[in-house]
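Just below is one structure, and these are the notes that go with it.
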Amino acid sequence: MSNPRFRIAICGGGVGGLTLAVALSRHQDIAVDVYEAAQSFCEIGSGIGIWPRSFKVLRKLGPDFEQQLLQRCGYEYTEEYVPSIKNRKSDQAVGIELFDLMTKGKLMRFHRADFQGVLLSFLPPSCTTHNVKRLISYTQPLEDCSRNSSITLTFKDGSTATCDVLIGADGIKSIVRSCMLRELAEGMDPDGKQSVLSCMNPIWSAVTAYRTLVSTQKLRARFPDHRALREFTQATLIPYLVTYPISLGKYVNFSGFTLERDLVDLAYEADTDIPRPSFKGKTNDEWVNFEEDAQHILECVEKGTLLAVHTVKTLPSTNFGRVAIIGDAAHAMSPFQGSGAGQSIEKWYLRALAIYDRLRRPFSSEVARRSMRSGQLYAFQEDVPLHELGDTITKNWEWAWLTELDDALEEAVRLVEDSSIDVN
């Protein structure tokens, strides 16, 4: 591309960053550079779920893109009401079924690596990817926002790059977020400055997650009729388990969670050089009270990752000047509604930075609140009668299949076209 109209840099090559890159690269006058800190774009991790609201956004990337995704999840897209998640009470010798979560459209389930592979395959030549590029800072000349005044990026290896617009998709420990909030705090009174800077670091959500993939071959050999081989199941108690098949039945995604309500909002001061601790399934004391079916899948866990789930505070803004943040950098949330990846996907659909902040920040904050409430409901930490639990959880979650992003897009277009409206 000899003379692009815009040069956009995306720091972070995860789900949100690559989805944005694919979307922007469809415009021939935009040059996109994706900078990833890791040596390759091979995504580690386990399964992710995409709810209908977010999957409708992905469908706008074209039928070929949609078909590639459908081939990897192994079932067709529908907008009919279907049972998505089977919820069980499992803190007893024989578990009982509580309710089926009925949703308008399916929860599309993927191995994270499969999903990222599709995104990478749809990046055109106009998008350049860079590995081993860990951002340490940027500078943007706020007094001159023209194209002739570039944002300068500085990386850990000493190299630099320039762009017209910078998007931080660099995760929970986002460097872009830290730098942007420092810029935002400049010139504020001491109280305002302290409030903004307090949002730089992640905070612990009081959630601990246990994650791994279980070989379906191993599970089937030992327990051929296990429900995890065929359905999405949540075993509801403290702690609770989530299992579902991914990668066309090659693996069962296993996630276990504990939620310590009294420890919410502790400061995050982790040493990034310390490797993540691991767990070994049934040998962990947390699982001793589960029903037999849950114990069986735990017996097939060889080794998994144990991590503290962190979130970010509600930010005063997700953009400043020509810099914006998306995904976990902007709205890292608890995992209880499977909406973090979906929110990252939706971000690319609203691109004007100030408008994007005005429309998206309140919605993402509400999704984060609902996600945490889902965890508290599943952990029986709210005073909801058992016979009302299904309806309460469904009502708290139904935004994910009953609402669409197109309404927000119409509002964004109105704001763009009416220059008399102050969007800041």
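Here's how to read the names in the structure tokens: chain A, B, ... by the order shown, residue numbers from 1 in each chain, ligand numbers from 1 in the order shown.
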
List the neighbours of Asp100 in chain A out to 12 Å using only C-alpha atoms; skip same-chain residues closer than 6 positions along the sequence, and give me the result as number ranges by chain. A: 81-88, 231-234, 389-391, 393-394

Mind running range 65-143 of chain A against range 295-316 of chain A at 12 Å and telling me each contacting residue's nearest atom pair with the distance in Å (one decimal), counting only C-alpha atoms, chain and number ascending, as CSV?
residue,atom,partner,partner_atom,distance
A:Ser90,CA,A:Gln295,CA,10.1
A:Asp91,CA,A:Gln295,CA,11.1
A:Gln92,CA,A:Gln295,CA,11.3
A:Ala93,CA,A:Gln295,CA,10.2
A:Val94,CA,A:Gln295,CA,11.4
A:Gly95,CA,A:Gln295,CA,11.5

Find the spatial neighbours of range 319-326 of chain A, counting only C-alpha atoms, within a cut-off of 6 Å - ignore same-chain residues fewer than 3 positions away - and output them as a list of chain:residue names. A:Val165, A:Leu166, A:Ile167, A:Gly168, A:Ala169, A:Ala329, A:Ala330

Residues of the last selection are to be written out with N, CA and C atoms, as a PDB file, in the first residue's frame.
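Saved to out.pdb:
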ATOM      1  N   VAL A 165      -3.009   6.193  14.394  1.00  0.00           N
ATOM      2  CA  VAL A 165      -3.927   5.789  15.459  1.00  0.00           C
ATOM      3  C   VAL A 165      -3.351   4.548  16.129  1.00  0.00           C
ATOM      4  N   LEU A 166      -3.399   4.514  17.459  1.00  0.00           N
ATOM      5  CA  LEU A 166      -2.919   3.362  18.216  1.00  0.00           C
ATOM      6  C   LEU A 166      -4.072   2.719  18.957  1.00  0.00           C
ATOM      7  N   ILE A 167      -4.209   1.403  18.793  1.00  0.00           N
ATOM      8  CA  ILE A 167      -5.216   0.622  19.510  1.00  0.00           C
ATOM      9  C   ILE A 167      -4.497  -0.344  20.441  1.00  0.00           C
ATOM     10  N   GLY A 168      -4.769  -0.241  21.718  1.00  0.00           N
ATOM     11  CA  GLY A 168      -4.187  -1.160  22.685  1.00  0.00           C
ATOM     12  C   GLY A 168      -5.098  -2.349  22.914  1.00  0.00           C
ATOM     13  N   ALA A 169      -4.676  -3.504  22.420  1.00  0.00           N
ATOM     14  CA  ALA A 169      -5.381  -4.765  22.660  1.00  0.00           C
ATOM     15  C   ALA A 169      -4.435  -5.686  23.417  1.00  0.00           C
ATOM     16  N   ALA A 329      -7.737  -5.012  28.023  1.00  0.00           N
ATOM     17  CA  ALA A 329      -7.093  -3.748  28.375  1.00  0.00           C
ATOM     18  C   ALA A 329      -8.117  -2.728  28.848  1.00  0.00           C
ATOM     19  N   ALA A 330      -9.326  -2.812  28.304  1.00  0.00           N
ATOM     20  CA  ALA A 330     -10.366  -1.822  28.610  1.00  0.00           C
ATOM     21  C   ALA A 330     -11.406  -2.330  29.594  1.00  0.00           C
TER      22      ALA A 330
END

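Using only C-alpha atoms, the protein and nucleic acid residues lying no more than 7 Å from Phe6 in chain A, apart from those fewer than 3 places from it along its own chain, are A:Asp29, A:Ile30, A:Ala31, A:Asp164.
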
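For the choices A:Thr19, A:Thr243, A:Thr129, A:Thr154, the atom-to-atom distance to Val176 in chain A is smallest for A:Thr154 when using only C-alpha atoms.
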
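Looking only at range 289-343 of chain A, the set that DSSP places in strand (DSSP E) from backbone geometry is Gly304, Thr305, Leu306, Leu307, Ala308, Val309, His310, Thr311, Asn319, Phe320, Val323, Ala324 and Ile325 of chain A.
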
For N, CA, C and O atoms, I'd like the residues from the last selection saved as a PDB file, in the first residue's frame.
ATOM      1  N   GLY A 304      -3.212 -28.829  34.903  1.00  0.00           N
ATOM      2  CA  GLY A 304      -3.875 -27.638  34.398  1.00  0.00           C
ATOM      3  C   GLY A 304      -3.236 -26.381  34.950  1.00  0.00           C
ATOM      4  O   GLY A 304      -2.263 -26.439  35.700  1.00  0.00           O
ATOM      5  N   THR A 305      -3.787 -25.264  34.566  1.00  0.00           N
ATOM      6  CA  THR A 305      -3.275 -23.971  35.004  1.00  0.00           C
ATOM      7  C   THR A 305      -4.178 -23.406  36.090  1.00  0.00           C
ATOM      8  O   THR A 305      -5.397 -23.397  35.956  1.00  0.00           O
ATOM      9  N   LEU A 306      -3.562 -22.939  37.125  1.00  0.00           N
ATOM     10  CA  LEU A 306      -4.266 -22.291  38.225  1.00  0.00           C
ATOM     11  C   LEU A 306      -3.922 -20.808  38.180  1.00  0.00           C
ATOM     12  O   LEU A 306      -2.750 -20.432  38.188  1.00  0.00           O
ATOM     13  N   LEU A 307      -4.928 -19.948  38.065  1.00  0.00           N
ATOM     14  CA  LEU A 307      -4.642 -18.526  37.979  1.00  0.00           C
ATOM     15  C   LEU A 307      -5.684 -17.707  38.713  1.00  0.00           C
ATOM     16  O   LEU A 307      -6.847 -18.100  38.823  1.00  0.00           O
ATOM     17  N   ALA A 308      -5.232 -16.571  39.221  1.00  0.00           N
ATOM     18  CA  ALA A 308      -6.127 -15.589  39.821  1.00  0.00           C
ATOM     19  C   ALA A 308      -6.694 -14.731  38.699  1.00  0.00           C
ATOM     20  O   ALA A 308      -5.946 -14.193  37.882  1.00  0.00           O
ATOM     21  N   VAL A 309      -8.012 -14.616  38.642  1.00  0.00           N
ATOM     22  CA  VAL A 309      -8.670 -13.844  37.590  1.00  0.00           C
ATOM     23  C   VAL A 309      -8.724 -12.382  38.005  1.00  0.00           C
ATOM     24  O   VAL A 309      -9.258 -12.050  39.064  1.00  0.00           O
ATOM     25  N   HIS A 310      -8.176 -11.519  37.171  1.00  0.00           N
ATOM     26  CA  HIS A 310      -8.141 -10.097  37.478  1.00  0.00           C
ATOM     27  C   HIS A 310      -9.047  -9.317  36.534  1.00  0.00           C
ATOM     28  O   HIS A 310      -9.328  -9.742  35.413  1.00  0.00           O
ATOM     29  N   THR A 311      -9.502  -8.186  37.020  1.00  0.00           N
ATOM     30  CA  THR A 311     -10.329  -7.296  36.216  1.00  0.00           C
ATOM     31  C   THR A 311      -9.687  -5.906  36.262  1.00  0.00           C
ATOM     32  O   THR A 311      -8.659  -5.703  36.906  1.00  0.00           O
ATOM     33  N   ASN A 319     -10.391   6.058  25.618  1.00  0.00           N
ATOM     34  CA  ASN A 319      -9.577   6.684  24.579  1.00  0.00           C
ATOM     35  C   ASN A 319      -9.063   8.027  25.063  1.00  0.00           C
ATOM     36  O   ASN A 319      -9.618   8.660  25.962  1.00  0.00           O
ATOM     37  N   PHE A 320      -7.972   8.465  24.451  1.00  0.00           N
ATOM     38  CA  PHE A 320      -7.427   9.796  24.701  1.00  0.00           C
ATOM     39  C   PHE A 320      -6.632  10.192  23.465  1.00  0.00           C
ATOM     40  O   PHE A 320      -5.719   9.474  23.054  1.00  0.00           O
ATOM     41  N   VAL A 323      -5.492   7.528  20.679  1.00  0.00           N
ATOM     42  CA  VAL A 323      -5.197   6.234  21.296  1.00  0.00           C
ATOM     43  C   VAL A 323      -6.466   5.692  21.936  1.00  0.00           C
ATOM     44  O   VAL A 323      -7.213   6.434  22.586  1.00  0.00           O
ATOM     45  N   ALA A 324      -6.723   4.407  21.750  1.00  0.00           N
ATOM     46  CA  ALA A 324      -7.870   3.748  22.381  1.00  0.00           C
ATOM     47  C   ALA A 324      -7.450   2.357  22.821  1.00  0.00           C
ATOM     48  O   ALA A 324      -6.473   1.793  22.314  1.00  0.00           O
ATOM     49  N   ILE A 325      -8.197   1.798  23.759  1.00  0.00           N
ATOM     50  CA  ILE A 325      -7.932   0.443  24.235  1.00  0.00           C
ATOM     51  C   ILE A 325      -9.190  -0.402  24.080  1.00  0.00           C
ATOM     52  O   ILE A 325     -10.313   0.103  24.173  1.00  0.00           O
TER      53      ILE A 325
END

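Note that the spacing between CA of Ile172 in chain A and CA of His130 in chain A amounts to 20.3 Å.
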
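Closest approach to Trp397 in chain A among A:Ala332, A:Ile175, A:Met102, A:Met108 is made by A:Met102 (distances from only C-alpha atoms).
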
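Here CA of Arg53 in chain A and CA of Thr103 in chain A stand 11.1 Å from one another.
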
Counting only C-alpha atoms, figure out which residue out of A:Thr152, A:Ile10, A:Phe65, A:Gly47 gets nearest to Thr212 in chain A. A:Gly47

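Of the listed residues A:Ala294, A:Val242, A:Ala228, A:Leu120, the one whose atoms come nearest to Ser40 in chain A is A:Leu120, with distances taken using only C-alpha atoms.
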
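In this structure, CA of Glu292 in chain A sits 21.2 Å away from CA of Ala209 in chain A.
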
Counting only C-alpha atoms, what is within 6 Å of Leu248 in chain A, bar same-chain residues fewer than 2 positions away, as a ChimeraX atom specification? /A:74,246,250

So that I have them on file, write out the residues from the current selection with N, CA, C and O atoms, as a compact mmCIF listing (two decimals), in the first residue's frame.
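Okay, this is what ended up in part-v6.txt:
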# COMPACT_ATOMS: atom_id res chain seq x y z
N GLY A 74 -18.30 -27.16 14.55
CA GLY A 74 -18.96 -28.42 14.25
C GLY A 74 -20.47 -28.40 14.25
O GLY A 74 -21.10 -29.45 14.19
N ILE A 246 -14.90 -29.30 22.62
CA ILE A 246 -14.43 -28.34 21.61
C ILE A 246 -13.56 -29.07 20.60
O ILE A 246 -13.31 -30.28 20.73
N LYS A 250 -12.40 -33.29 19.94
CA LYS A 250 -11.07 -33.79 20.30
C LYS A 250 -10.78 -33.58 21.78
O LYS A 250 -10.10 -34.40 22.42

Among listed residues A:Asn131, A:Ser54, A:Gln194, A:Ser46, nearest Gly105 in chain A (using only C-alpha atoms): A:Ser54

When you look at Tyr35 in chain A with a cut-off of 9 Å (counting only C-alpha atoms), what residues show up, excluding the ones that are within fewer than 2 positions of it in the same chain? I need them as a list in words. Ala9, Ile10, Cys11, Gly12, Gly13, Asp33, Ala37, Thr128, Thr129, His130, Asn131, Val132, Lys133, Arg134 and Leu135 of chain A

Please identify all polymer residues within 10 Å of Phe55 in chain A, counting only C-alpha atoms, omitting same-chain residues fewer than 4 positions from it, and present them as a PyMOL selection string. chain A and resi 49-51+59-60+66+69+77+105-108+342+345-346+401

If you count only C-alpha atoms, the residue of A:Gln116, A:Thr258, A:Thr208, A:Ser374 closest to Gln68 in chain A turns out to be A:Gln116
